[in-house]
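Structure file my_file.txt (compact mmCIF, C-alpha atoms) is printed below.
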```txt
# COMPACT_ATOMS: atom_id res chain seq x y z
CA MET A 1 -94.79 104.81 135.15
CA GLY A 2 -97.06 102.06 133.77
CA CYS A 3 -96.70 98.29 133.80
CA ALA A 4 -93.47 96.94 132.35
CA MET A 5 -93.71 95.34 128.88
CA THR A 6 -93.76 91.59 128.37
CA PRO A 7 -90.22 90.25 127.87
CA SER A 8 -89.16 89.36 124.32
CA ALA A 9 -88.61 85.75 123.30
CA GLN A 10 -84.86 86.40 123.03
CA ASP A 11 -84.76 87.89 126.53
CA VAL A 12 -86.52 84.82 127.87
CA ASP A 13 -84.23 82.40 126.04
CA LEU A 14 -81.11 84.20 127.23
CA ALA A 15 -82.30 84.43 130.83
CA THR A 16 -83.34 80.76 130.80
CA SER A 17 -80.01 79.64 129.41
CA GLN A 18 -78.14 81.71 132.02
CA ALA A 19 -80.30 80.34 134.83
CA MET A 20 -79.76 76.74 133.68
CA LYS A 21 -75.98 77.28 133.46
CA SER A 22 -75.65 78.88 136.88
CA SER A 23 -78.14 76.91 138.96
CA PHE A 24 -76.87 73.32 138.88
CA ARG A 25 -73.81 71.38 140.03
CA ASP A 26 -72.49 67.82 139.74
CA GLN A 27 -73.66 65.52 142.52
CA GLY A 28 -72.92 61.79 142.81
CA ASP A 29 -73.24 60.31 139.34
CA ALA A 30 -75.57 63.09 138.18
CA LYS A 31 -73.29 65.37 136.20
CA LEU A 32 -73.91 68.65 134.40
CA ASP A 33 -73.65 66.94 131.02
CA ARG A 34 -77.17 65.64 131.70
CA LEU A 35 -78.37 69.15 130.93
CA THR A 36 -77.11 68.96 127.34
CA LEU A 37 -80.27 68.33 125.35
CA ASP A 38 -80.33 66.11 122.27
CA ALA A 39 -82.45 67.14 119.28
CA SER A 40 -85.50 65.25 120.56
CA ASN A 41 -85.46 66.91 123.98
CA GLN A 42 -84.77 70.31 122.45
CA ALA A 43 -87.78 70.05 120.16
CA CYS A 44 -90.07 68.63 122.83
CA SER A 45 -88.98 71.23 125.40
CA GLU A 46 -89.80 74.01 122.94
CA ALA A 47 -93.18 72.50 122.13
CA GLN A 48 -94.13 72.61 125.85
CA ASP A 49 -97.77 71.52 126.12
CA LYS A 50 -98.42 71.65 122.36
CA SER A 51 -97.68 68.99 119.73
CA VAL A 52 -94.49 69.22 117.71
CA ASP A 53 -95.05 70.06 114.02
CA GLU A 54 -95.83 66.88 112.03
CA LYS A 55 -92.75 66.93 109.79
CA LEU A 56 -90.45 67.54 112.74
CA ALA A 57 -92.16 64.77 114.73
CA LYS A 58 -91.60 62.30 111.88
CA SER A 59 -87.91 63.20 111.62
CA ILE A 60 -87.46 62.83 115.39
CA GLU A 61 -89.15 59.42 115.27
CA GLU A 62 -86.99 58.27 112.35
CA ALA A 63 -83.80 59.39 114.09
CA ASN A 64 -84.77 57.56 117.27
CA LEU A 65 -85.82 54.41 115.37
CA LYS A 66 -82.30 54.22 113.92
CA THR A 67 -80.88 53.82 117.43
CA VAL A 68 -82.80 50.63 118.23
CA LYS A 69 -80.43 47.69 118.83
CA PHE A 70 -81.74 44.11 118.74
CA PRO A 71 -80.07 41.15 120.53
CA ALA A 72 -77.51 39.43 118.29
CA ASP A 73 -78.94 35.98 119.05
CA GLY A 74 -82.44 37.05 118.01
CA LYS A 75 -83.86 35.99 121.38
CA LEU A 76 -86.08 38.84 122.57
CA LEU A 77 -87.80 37.31 125.58
CA GLY A 78 -86.23 36.49 128.94
CA ASN A 79 -87.73 35.69 132.36
CA TRP A 80 -91.03 37.34 133.32
CA ALA A 81 -90.45 36.90 137.08
CA GLU A 82 -87.26 38.95 136.74
CA GLY A 83 -89.21 41.37 134.55
CA GLU A 84 -91.69 41.94 137.36
CA LYS A 85 -88.83 42.81 139.74
CA ILE A 86 -87.44 45.28 137.22
CA ALA A 87 -90.89 46.83 136.78
CA GLN A 88 -91.24 47.25 140.56
CA ASN A 89 -87.77 48.72 141.04
CA GLY A 90 -87.63 52.51 140.96
CA ARG A 91 -83.93 52.91 141.71
CA GLY A 92 -81.05 54.04 139.57
CA LEU A 93 -79.31 57.10 138.12
CA THR A 94 -80.29 59.60 140.84
CA TRP A 95 -77.47 61.35 142.67
CA THR A 96 -78.05 59.08 145.67
CA ASP A 97 -77.84 55.87 143.63
CA LYS A 98 -74.61 53.94 143.13
CA ALA A 99 -73.60 53.14 139.54
CA ALA A 100 -72.61 49.64 140.60
CA ASP A 101 -76.20 48.71 141.45
CA ALA A 102 -78.52 47.60 138.65
CA ASN A 103 -81.14 50.15 137.62
CA GLY A 104 -84.84 49.43 137.75
CA GLY A 105 -87.42 50.33 135.13
CA SER A 106 -89.82 52.16 137.48
CA CYS A 107 -92.57 50.81 135.24
CA TYR A 108 -95.27 50.73 137.93
CA ASN A 109 -94.70 54.45 138.55
CA CYS A 110 -96.65 55.12 135.36
CA HIS A 111 -98.40 51.91 134.29
CA GLN A 112 -100.78 49.26 135.50
CA ILE A 113 -99.09 45.96 134.59
CA SER A 114 -100.13 42.81 136.47
CA LYS A 115 -103.58 42.50 138.02
CA ALA A 116 -102.23 41.78 141.48
CA GLU A 117 -100.25 45.02 141.87
CA LEU A 118 -102.69 47.74 142.94
CA SER A 119 -100.05 50.41 143.51
CA TYR A 120 -99.69 51.61 139.95
CA GLY A 121 -99.60 55.01 138.31
CA SER A 122 -101.73 56.53 135.58
CA ILE A 123 -99.21 58.62 133.67
CA GLY A 124 -99.04 55.91 130.98
CA PRO A 125 -101.70 53.50 129.64
CA SER A 126 -102.52 50.22 131.34
CA LEU A 127 -100.38 47.30 130.15
CA TYR A 128 -102.55 44.67 131.77
CA ASN A 129 -103.14 41.81 129.29
CA TYR A 130 -100.63 43.43 126.93
CA GLY A 131 -99.76 40.28 124.94
CA LYS A 132 -103.23 38.73 125.21
CA LEU A 133 -104.98 41.82 123.82
CA ARG A 134 -102.62 41.81 120.86
CA GLY A 135 -103.29 38.15 120.09
CA VAL A 136 -99.80 36.97 121.01
CA THR A 137 -100.32 33.30 121.97
CA ASP A 138 -96.79 32.30 120.88
CA PRO A 139 -94.15 35.06 120.78
CA ALA A 140 -91.94 32.81 118.58
CA ASP A 141 -94.65 32.56 115.91
CA PRO A 142 -93.72 34.65 112.83
CA ALA A 143 -97.22 36.15 112.98
CA SER A 144 -96.25 37.75 116.33
CA LYS A 145 -93.01 39.25 115.00
CA PRO A 146 -94.38 42.74 114.24
CA ILE A 147 -95.77 43.12 117.76
CA VAL A 148 -92.71 41.59 119.41
CA ASP A 149 -90.35 43.83 117.43
CA TYR A 150 -92.49 46.91 118.09
CA THR A 151 -92.51 46.17 121.82
CA TRP A 152 -88.72 45.78 121.84
CA GLY A 153 -88.35 49.01 119.90
CA LYS A 154 -90.70 50.85 122.24
CA LEU A 155 -88.79 49.72 125.31
CA TRP A 156 -85.42 50.49 123.68
CA ASN A 157 -86.45 53.90 122.44
CA SER A 158 -90.02 55.10 123.00
CA LYS A 159 -89.46 58.19 120.84
CA ALA A 160 -89.09 55.98 117.77
CA TYR A 161 -92.90 55.79 117.73
CA ASN A 162 -93.93 58.98 119.53
CA ALA A 163 -91.62 61.97 119.16
CA CYS A 164 -92.31 63.48 122.58
CA SER A 165 -93.20 60.31 124.48
CA GLY A 166 -93.18 60.76 128.23
CA MET A 167 -91.57 57.35 128.58
CA PRO A 168 -87.79 57.10 129.15
CA ARG A 169 -85.68 55.57 126.38
CA PHE A 170 -84.58 52.56 128.39
CA GLY A 171 -82.13 50.98 125.94
CA HIS A 172 -80.92 54.07 124.14
CA ALA A 173 -80.16 55.94 127.37
CA GLY A 174 -78.51 52.94 128.99
CA ILE A 175 -81.08 52.75 131.80
CA LEU A 176 -81.73 49.01 131.38
CA THR A 177 -79.41 46.38 129.92
CA MET A 178 -80.39 44.14 127.02
CA GLU A 179 -80.92 41.27 129.45
CA GLN A 180 -83.20 43.41 131.61
CA ILE A 181 -85.24 44.51 128.58
CA LYS A 182 -85.66 40.85 127.56
CA ASP A 183 -87.09 40.19 131.02
CA VAL A 184 -89.54 43.10 130.73
CA MET A 185 -90.48 41.80 127.26
CA ALA A 186 -91.34 38.45 128.85
CA LEU A 187 -93.43 40.18 131.52
CA LEU A 188 -95.47 41.78 128.74
CA LEU A 189 -95.55 39.04 126.09
CA ASP A 190 -94.99 35.62 127.67
CA PRO A 191 -98.40 33.86 127.68
CA LYS A 192 -97.43 32.45 131.10
CA SER A 193 -96.76 35.93 132.54
CA PRO A 194 -99.29 37.15 135.16
CA VAL A 195 -99.86 40.11 132.84
CA ASN A 196 -101.56 37.81 130.32
CA GLN A 197 -103.73 35.81 132.71
CA MET B 1 -108.57 63.69 158.48
CA LEU B 2 -104.85 63.34 158.50
CA ALA B 3 -104.48 67.05 159.31
CA ASP B 4 -105.82 66.79 162.87
CA GLY B 5 -102.71 67.57 164.91
CA ASN B 6 -100.04 68.54 162.40
CA PRO B 7 -96.46 68.35 163.75
CA ALA B 8 -95.76 71.39 161.55
CA GLU B 9 -97.39 73.43 164.31
CA LEU B 10 -94.37 72.74 166.51
CA TYR B 11 -92.13 74.15 163.76
CA GLU B 12 -94.41 77.19 163.47
CA ALA B 13 -94.10 77.94 167.17
CA ARG B 14 -90.34 77.45 167.08
CA GLY B 15 -90.15 79.60 163.96
CA GLU B 16 -91.96 82.51 165.55
CA GLY B 17 -89.50 82.37 168.43
CA LEU B 18 -86.50 82.25 166.09
CA PHE B 19 -87.87 85.14 164.03
CA LYS B 20 -88.08 87.34 167.10
CA GLN B 21 -84.90 86.16 168.83
CA ALA B 22 -81.64 88.12 168.64
CA ARG B 23 -79.24 85.76 166.85
CA GLY B 24 -76.08 85.62 164.77
CA PRO B 25 -72.86 87.66 164.86
CA LYS B 26 -74.86 90.92 164.91
CA ASN B 27 -77.09 89.64 167.70
CA ALA B 28 -80.22 90.91 165.97
CA SER B 29 -83.71 89.49 165.33
CA LEU B 30 -85.39 89.18 161.92
CA GLU B 31 -88.11 91.64 162.91
CA LYS B 32 -86.81 94.21 160.42
CA CYS B 33 -86.80 91.67 157.56
CA ASP B 34 -88.79 92.85 154.54
CA LEU B 35 -90.56 89.85 153.01
CA GLY B 36 -92.29 92.01 150.40
CA LYS B 37 -94.94 93.82 152.43
CA GLY B 38 -92.65 96.05 154.48
CA ALA B 39 -90.10 95.56 157.25
CA GLY B 40 -91.28 92.95 159.76
CA VAL B 41 -94.66 92.36 158.07
CA VAL B 42 -95.17 88.59 158.08
CA LYS B 43 -98.93 88.24 157.66
CA GLY B 44 -99.80 87.81 153.97
CA ALA B 45 -96.19 87.84 152.78
CA PHE B 46 -96.06 84.14 151.84
CA VAL B 47 -98.86 84.35 149.25
CA GLU B 48 -97.08 87.16 147.39
CA LEU B 49 -93.74 85.39 147.00
CA PRO B 50 -91.60 85.14 144.90
CA ARG B 51 -91.45 88.85 144.00
CA TYR B 52 -89.01 91.59 143.08
CA PHE B 53 -87.06 93.35 145.81
CA ALA B 54 -85.62 96.81 145.22
CA ASP B 55 -82.79 96.46 147.74
CA THR B 56 -81.30 93.37 146.08
CA GLN B 57 -82.64 94.24 142.61
CA ARG B 58 -83.75 90.72 141.97
CA VAL B 59 -86.75 88.42 142.22
CA GLN B 60 -86.52 86.29 145.36
CA ASP B 61 -88.53 83.49 146.92
CA LEU B 62 -89.08 83.10 150.66
CA GLU B 63 -85.92 81.14 151.33
CA SER B 64 -83.75 83.37 149.18
CA ARG B 65 -85.14 86.37 151.06
CA LEU B 66 -84.46 84.73 154.42
CA LEU B 67 -80.83 84.24 153.33
CA THR B 68 -80.69 87.97 152.55
CA CYS B 69 -82.15 88.98 155.92
CA MET B 70 -80.13 86.46 157.93
CA GLU B 71 -76.98 87.88 156.34
CA GLN B 72 -77.78 91.59 156.34
CA GLN B 73 -79.55 91.83 159.67
CA GLN B 74 -78.00 89.01 161.68
CA GLY B 75 -74.53 88.73 160.12
CA PHE B 76 -74.81 85.08 159.05
CA ASN B 77 -72.99 83.97 155.88
CA ALA B 78 -75.73 83.34 153.29
CA ALA B 79 -73.44 81.33 151.00
CA GLU B 80 -72.53 79.02 153.90
CA ILE B 81 -76.21 78.46 154.75
CA ALA B 82 -76.94 77.76 151.07
CA LYS B 83 -74.21 75.10 151.08
CA THR B 84 -75.40 73.53 154.34
CA PRO B 85 -77.26 70.23 153.78
CA PHE B 86 -81.00 70.22 154.49
CA GLY B 87 -81.79 69.53 158.14
CA ALA B 88 -78.40 70.67 159.44
CA GLY B 89 -77.19 73.87 161.10
CA GLU B 90 -79.01 77.02 160.01
CA GLN B 91 -81.01 74.98 157.48
CA LYS B 92 -82.84 73.69 160.55
CA THR B 93 -83.57 77.29 161.52
CA ILE B 94 -84.98 77.93 158.06
CA GLU B 95 -87.31 74.91 158.40
CA SER B 96 -88.94 76.55 161.40
CA LEU B 97 -88.93 80.04 159.89
CA VAL B 98 -90.73 78.94 156.70
CA ALA B 99 -93.28 77.03 158.78
CA TYR B 100 -94.02 80.17 160.82
CA ILE B 101 -94.07 82.58 157.89
CA SER B 102 -96.22 80.39 155.65
CA GLY B 103 -98.59 79.72 158.56
CA GLU B 104 -99.17 83.46 158.83
CA SER B 105 -100.75 83.32 155.35
CA ARG B 106 -102.84 80.25 156.02
CA ASP B 107 -106.15 80.30 154.07
CA MET B 108 -105.15 83.44 152.17
CA ALA B 109 -105.29 83.56 148.38
CA PHE B 110 -102.15 83.63 146.22
CA ASN B 111 -101.61 87.03 144.64
CA LEU B 112 -98.02 87.31 143.37
CA PRO B 113 -97.17 90.68 141.81
CA GLN B 114 -96.40 90.63 138.08
CA LYS B 115 -95.74 94.34 137.53
CA HIS B 116 -91.96 94.55 137.50
CA ALA B 117 -90.15 93.56 134.29
CA GLN B 118 -88.05 91.03 136.19
CA GLU B 119 -91.16 89.43 137.70
CA LYS B 120 -92.60 88.95 134.21
CA LEU B 121 -89.28 87.65 132.91
CA MET B 122 -88.95 85.15 135.76
CA TYR B 123 -92.48 83.85 135.07
CA GLU B 124 -91.51 83.11 131.46
CA VAL B 125 -88.18 81.60 132.51
CA GLY B 126 -90.04 79.45 135.03
CA LYS B 127 -92.37 78.22 132.31
CA LYS B 128 -89.43 77.31 130.05
CA VAL B 129 -87.72 75.50 132.90
CA PHE B 130 -90.95 73.69 133.83
CA TYR B 131 -91.19 72.18 130.36
CA LEU B 132 -87.46 71.53 129.91
CA ARG B 133 -86.81 67.84 129.26
CA ALA B 134 -83.37 66.57 130.16
CA GLY B 135 -81.39 63.87 131.92
CA PRO B 136 -81.20 60.18 131.01
CA MET B 137 -84.96 59.77 131.48
CA ASP B 138 -86.00 62.86 129.46
CA PHE B 139 -88.07 64.14 132.38
CA SER B 140 -89.36 67.66 132.81
CA CYS B 141 -91.52 68.99 135.65
CA ALA B 142 -94.39 68.63 133.18
CA SER B 143 -93.73 64.89 132.85
CA CYS B 144 -95.49 64.48 136.20
CA HIS B 145 -97.19 67.82 136.82
CA GLY B 146 -98.41 68.90 133.39
CA GLU B 147 -101.78 67.17 133.21
CA ASP B 148 -104.96 66.72 135.24
CA ASN B 149 -105.85 63.51 137.10
CA LYS B 150 -102.50 61.76 136.94
CA ARG B 151 -100.77 59.85 139.69
CA ILE B 152 -97.36 58.24 140.18
CA ARG B 153 -97.96 54.86 141.83
CA LEU B 154 -100.77 55.88 144.18
CA GLN B 155 -99.58 59.46 144.78
CA ASP B 156 -101.84 62.07 143.15
CA LEU B 157 -99.98 64.64 141.08
CA PRO B 158 -101.39 68.19 140.97
CA ASN B 159 -101.35 69.89 137.56
CA LEU B 160 -99.13 72.86 138.34
CA THR B 161 -99.72 74.67 135.04
CA ARG B 162 -103.07 76.16 136.10
CA GLN B 163 -105.76 76.29 138.75
CA PRO B 164 -106.97 74.40 140.68
CA GLY B 165 -103.91 72.15 140.65
CA ALA B 166 -101.34 74.93 140.92
CA SER B 167 -102.33 76.11 144.39
CA VAL B 168 -102.96 72.53 145.56
CA GLY B 169 -99.27 71.90 144.89
CA PHE B 170 -97.63 75.26 145.45
CA GLY B 171 -99.76 76.11 148.47
CA SER B 172 -99.03 72.90 150.34
CA TRP B 173 -95.28 73.36 150.79
CA PRO B 174 -93.69 73.78 153.31
CA ALA B 175 -95.15 70.61 154.76
CA TYR B 176 -94.46 68.11 157.51
CA ARG B 177 -93.57 64.88 155.72
CA VAL B 178 -94.61 61.94 157.87
CA SER B 179 -92.45 59.52 155.82
CA ALA B 180 -89.40 61.72 156.44
CA GLY B 181 -90.25 62.68 160.03
CA ASP B 182 -89.31 66.21 159.07
CA LEU B 183 -90.63 69.50 157.77
CA TRP B 184 -89.70 70.11 154.13
CA SER B 185 -89.52 73.59 152.69
CA MET B 186 -90.35 74.34 149.05
CA GLN B 187 -86.63 74.40 148.22
CA ARG B 188 -86.22 70.92 149.68
CA ARG B 189 -89.25 69.67 147.73
CA LEU B 190 -87.84 71.07 144.47
CA ASN B 191 -84.46 69.54 145.27
CA ASP B 192 -86.00 66.10 145.63
CA CYS B 193 -88.01 66.56 142.43
CA TYR B 194 -84.82 67.21 140.51
CA ARG B 195 -83.13 64.24 142.17
CA GLN B 196 -85.89 61.92 140.99
CA GLN B 197 -85.86 63.53 137.55
CA ARG B 198 -82.20 62.34 137.39
CA PHE B 199 -81.00 65.93 136.94
CA PRO B 200 -77.79 67.25 138.51
CA TYR B 201 -78.10 69.10 141.84
CA PRO B 202 -80.02 72.42 141.89
CA GLY B 203 -78.37 75.08 144.00
CA TYR B 204 -80.27 76.14 147.11
CA ALA B 205 -82.35 79.23 146.24
CA SER B 206 -80.79 79.29 142.77
CA ASP B 207 -82.41 81.21 139.89
CA VAL B 208 -83.98 78.09 138.39
CA THR B 209 -85.74 77.27 141.66
CA ILE B 210 -86.93 80.87 142.11
CA ALA B 211 -88.21 80.99 138.52
CA LEU B 212 -90.21 77.80 139.09
CA GLY B 213 -91.70 79.40 142.20
CA VAL B 214 -92.80 82.43 140.18
CA TYR B 215 -94.37 80.18 137.52
CA MET B 216 -96.25 78.03 140.02
CA GLY B 217 -97.16 80.95 142.26
CA VAL B 218 -98.60 83.10 139.47
CA ASN B 219 -100.51 80.06 138.16
CA SER B 220 -101.92 79.68 141.71
CA LYS B 221 -103.60 83.11 141.65
CA GLY B 222 -106.81 83.09 143.66
CA GLY B 223 -106.10 79.65 145.12
CA VAL B 224 -105.77 79.31 148.86
CA SER B 225 -102.58 78.44 150.76
CA THR B 226 -102.70 75.53 153.21
CA ALA B 227 -99.04 75.69 154.26
CA PRO B 228 -97.53 74.41 156.44
CA ALA B 229 -99.40 71.27 155.39
CA LEU B 230 -99.22 67.57 156.31
CA LYS B 231 -98.02 65.01 153.79
CA ARG B 232 -97.51 61.25 153.76
```

Could you quickly redo this structure as structure tokens?
Amino acid sequence: MGCAMTPSAQDVDLATSQAMKSSFRDQGDAKLDRLTLDASNQACSEAQDKSVDEKLAKSIEEANLKTVKFPADGKLLGNWAEGEKIAQNGRGLTWTDKAADANGGSCYNCHQISKAELSYGSIGPSLYNYGKLRGVTDPADPASKPIVDYTWGKLWNSKAYNACSGMPRFGHAGILTMEQIKDVMALLLDPKSPVNQ
Amino acid sequence: MLADGNPAELYEARGEGLFKQARGPKNASLEKCDLGKGAGVVKGAFVELPRYFADTQRVQDLESRLLTCMEQQQGFNAAEIAKTPFGAGEQKTIESLVAYISGESRDMAFNLPQKHAQEKLMYEVGKKVFYLRAGPMDFSCASCHGEDNKRIRLQDLPNLTRQPGASVGFGSWPAYRVSAGDLWSMQRRLNDCYRQQRFPYPGYASDVTIALGVYMGVNSKGGVSTAPALKR
């Protein structure tokens, strides 16, 4: 009796689906519906460590771009000091978190942001001097609009610009409120923010 | 080095005692437990798990196998132990048992069998699960553990998809977690990963967790186990 054959792709898919269905339960606010994948997560899960096909990537990005909601009053920047608190806060949406408490953005988990905070991760690029490097001296200046709008869009739904972005879709998934995203925008783009010193 | 005087050693000693002590409704020890290398063979078993077991006809990791032995040999109710919160009741026993059993493979190289069809299947399932993005933050295991030289805040993240990262990660659990003041088994570590990924709750020793163990363990081939280790 020799070595058993490699399992077929269908066998693997079936076994994976059965394992996913039988292995999890609801706990706290983390319910089983979180395991229902949207089209973006389905495609990116299948791609694993490879890139998604270019056409598919474009269609995922377009679909995600459509979800971006802008503030009705057109005011995209809030308070950078509040933004820093949101960036530092890693709580929210786990099964030990309470829905009543505001979520954080966990931004420092992945990014360098201000110079002063040394405890930052390297999963995402550094955001130090974000606005300064992009020549944003006045976020209200029409010349800054493309960058300001892009930054809002990226925070609202990162997959609008990168189909399989590792970054959570903070607005689209309801992780941060509009007011919180405005505060993170200020952290990144306000010339007075420590990020741009 | 941090590892000078690891509190896990206390769990190892307690675990050896618990392994050999007659316990449970059947008043029997675990000395007839087959962890993959024959009844009662502990040395070297840890670095070959998870693997297929003919008596249960399924692939099992260490903790799943301990549930089997605690039920069959000692008369405990495996389902009850699986439902027991970490750190309570017989889950405390398992903390000590995994410390002892993993310690008996200290410095040995990972060499999980991949001969049985179910072992191969579970590897592929584990890989699918590892890359599966879900939850409100779209996280998969790979979000943190899929690349070299990444860290979350200041915590280094081993790349679990291949050596050398795979055995750095997989071979260092169970571990005494200084921040928790407790020994965490691999199942507990996986549980907390899923919590922070904003997933729903993974069942103790469920198929998804066993599949991930096969994936990580096979990727660790040739790497050396340091369990039970010491962590922040």

Check: which chain B residues lie within 8 Å of chain A using only C-alpha atoms, as a PDB file with C-alpha atoms, in the coordinates of the input:
```
ATOM      1  CA  LYS B 115     -95.740  94.340 137.530  1.00  0.00           C
ATOM      2  CA  HIS B 116     -91.960  94.550 137.500  1.00  0.00           C
ATOM      3  CA  ALA B 117     -90.150  93.560 134.290  1.00  0.00           C
ATOM      4  CA  LYS B 120     -92.600  88.950 134.210  1.00  0.00           C
ATOM      5  CA  LEU B 121     -89.280  87.650 132.910  1.00  0.00           C
ATOM      6  CA  GLU B 124     -91.510  83.110 131.460  1.00  0.00           C
ATOM      7  CA  VAL B 125     -88.180  81.600 132.510  1.00  0.00           C
ATOM      8  CA  LYS B 128     -89.430  77.310 130.050  1.00  0.00           C
ATOM      9  CA  VAL B 129     -87.720  75.500 132.900  1.00  0.00           C
ATOM     10  CA  TYR B 131     -91.190  72.180 130.360  1.00  0.00           C
ATOM     11  CA  LEU B 132     -87.460  71.530 129.910  1.00  0.00           C
ATOM     12  CA  ARG B 133     -86.810  67.840 129.260  1.00  0.00           C
ATOM     13  CA  ALA B 134     -83.370  66.570 130.160  1.00  0.00           C
ATOM     14  CA  GLY B 135     -81.390  63.870 131.920  1.00  0.00           C
ATOM     15  CA  PRO B 136     -81.200  60.180 131.010  1.00  0.00           C
ATOM     16  CA  MET B 137     -84.960  59.770 131.480  1.00  0.00           C
ATOM     17  CA  ASP B 138     -86.000  62.860 129.460  1.00  0.00           C
ATOM     18  CA  PHE B 139     -88.070  64.140 132.380  1.00  0.00           C
ATOM     19  CA  SER B 143     -93.730  64.890 132.850  1.00  0.00           C
ATOM     20  CA  CYS B 144     -95.490  64.480 136.200  1.00  0.00           C
ATOM     21  CA  GLY B 146     -98.410  68.900 133.390  1.00  0.00           C
ATOM     22  CA  LYS B 150    -102.500  61.760 136.940  1.00  0.00           C
ATOM     23  CA  ARG B 151    -100.770  59.850 139.690  1.00  0.00           C
ATOM     24  CA  ILE B 152     -97.360  58.240 140.180  1.00  0.00           C
ATOM     25  CA  ARG B 153     -97.960  54.860 141.830  1.00  0.00           C
ATOM     26  CA  LEU B 154    -100.770  55.880 144.180  1.00  0.00           C
ATOM     27  CA  GLN B 155     -99.580  59.460 144.780  1.00  0.00           C
ATOM     28  CA  ARG B 195     -83.130  64.240 142.170  1.00  0.00           C
ATOM     29  CA  GLN B 196     -85.890  61.920 140.990  1.00  0.00           C
ATOM     30  CA  GLN B 197     -85.860  63.530 137.550  1.00  0.00           C
ATOM     31  CA  ARG B 198     -82.200  62.340 137.390  1.00  0.00           C
ATOM     32  CA  PHE B 199     -81.000  65.930 136.940  1.00  0.00           C
ATOM     33  CA  PRO B 200     -77.790  67.250 138.510  1.00  0.00           C
ATOM     34  CA  TYR B 201     -78.100  69.100 141.840  1.00  0.00           C
ATOM     35  CA  PRO B 202     -80.020  72.420 141.890  1.00  0.00           C
ATOM     36  CA  GLY B 203     -78.370  75.080 144.000  1.00  0.00           C
ATOM     37  CA  SER B 206     -80.790  79.290 142.770  1.00  0.00           C
ATOM     38  CA  ASP B 207     -82.410  81.210 139.890  1.00  0.00           C
ATOM     39  CA  VAL B 208     -83.980  78.090 138.390  1.00  0.00           C
TER      40      VAL B 208
END
```

Inset, instruction - Starting from the point (-98.0, 34.8, 131.2), work out which residues of protein, DNA or RNA have an atom no more than 12 Å away when counting only C-alpha atoms; state them as JSON, numbers by chain. - result: {"A": [77, 79, 80, 81, 83, 84, 113, 114, 115, 128, 129, 130, 131, 132, 136, 137, 138, 139, 184, 185, 186, 187, 188, 189, 190, 191, 192, 193, 194, 195, 196, 197]}

Inset, instruction - Record the distance separating CA of Ala143 in chain A and CA of Ala87 in chain A, expressed in Å with one decimal. - result: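 That distance, rounded to one decimal, is 26.8 Å.
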
Coordinates of box centre and edge lengths for range 115-120 of chain A, 4 Å on every side, axis-aligned, as JSON:
```
{"center_x": -101.6, "center_y": 46.7, "center_z": 140.8, "size_x": 11.9, "size_y": 17.8, "size_z": 13.5}
```

Inset, instruction - May I ask for the distance between CA of Asn111 in chain B and CA of Asn219 in chain B, given in Å to one decimal place? - result: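 Value for the CA of Asn111 in chain B-CA of Asn219 in chain B distance: 9.6 Å.
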
Inset, instruction - Kindly give the distance, in Å, that separates CA of Ser29 in chain B and CA of Tyr11 in chain B, rounded to a single decimal. - result: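 Between CA of Ser29 in chain B and CA of Tyr11 in chain B the gap works out to 17.6 Å.
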
Legend entry - Among the residues B:Ile101, B:Ala88, B:Val224, B:Leu49, the one that comes closest to Leu30 in chain B [using only C-alpha atoms]: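 Closest to Leu30 in chain B of all the choices is B:Ile101.
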
Legend entry - Contact residues around Asn159 in chain B with all atoms listed in the file at 10 Å, ignoring same-chain residues under 5 positions, as a ChimeraX atom specification: /B:142,144-150,164-169,216

Inset, instruction - Name all residues at most 10 Å from Pro7 in chain B (count all atoms listed in the file; drop same-chain ones fewer than 5 positions away) and give them as an MDAnalysis selection string. - result: chainID B and resid 12 175:178 181:183 228:230

Written coordinates, C-alpha atoms of range 129-145 of chain B as a PDB file, in the first residue's frame:
```
ATOM      1  CA  VAL B 129      -8.421  28.262   6.660  1.00  0.00           C
ATOM      2  CA  PHE B 130      -5.125  30.101   7.222  1.00  0.00           C
ATOM      3  CA  TYR B 131      -5.804  32.377   4.263  1.00  0.00           C
ATOM      4  CA  LEU B 132      -9.552  32.762   4.864  1.00  0.00           C
ATOM      5  CA  ARG B 133     -10.472  36.427   5.305  1.00  0.00           C
ATOM      6  CA  ALA B 134     -13.624  37.139   7.258  1.00  0.00           C
ATOM      7  CA  GLY B 135     -15.195  39.169  10.039  1.00  0.00           C
ATOM      8  CA  PRO B 136     -15.729  42.939  10.118  1.00  0.00           C
ATOM      9  CA  MET B 137     -11.987  43.576   9.783  1.00  0.00           C
ATOM     10  CA  ASP B 138     -11.382  41.136   6.894  1.00  0.00           C
ATOM     11  CA  PHE B 139      -8.600  39.427   8.847  1.00  0.00           C
ATOM     12  CA  SER B 140      -7.125  36.032   8.097  1.00  0.00           C
ATOM     13  CA  CYS B 141      -4.285  34.302   9.944  1.00  0.00           C
ATOM     14  CA  ALA B 142      -2.132  35.474   7.037  1.00  0.00           C
ATOM     15  CA  SER B 143      -2.983  39.118   7.794  1.00  0.00           C
ATOM     16  CA  CYS B 144      -0.458  38.916  10.628  1.00  0.00           C
ATOM     17  CA  HIS B 145       1.453  35.692  10.013  1.00  0.00           C
TER      18      HIS B 145
END
```
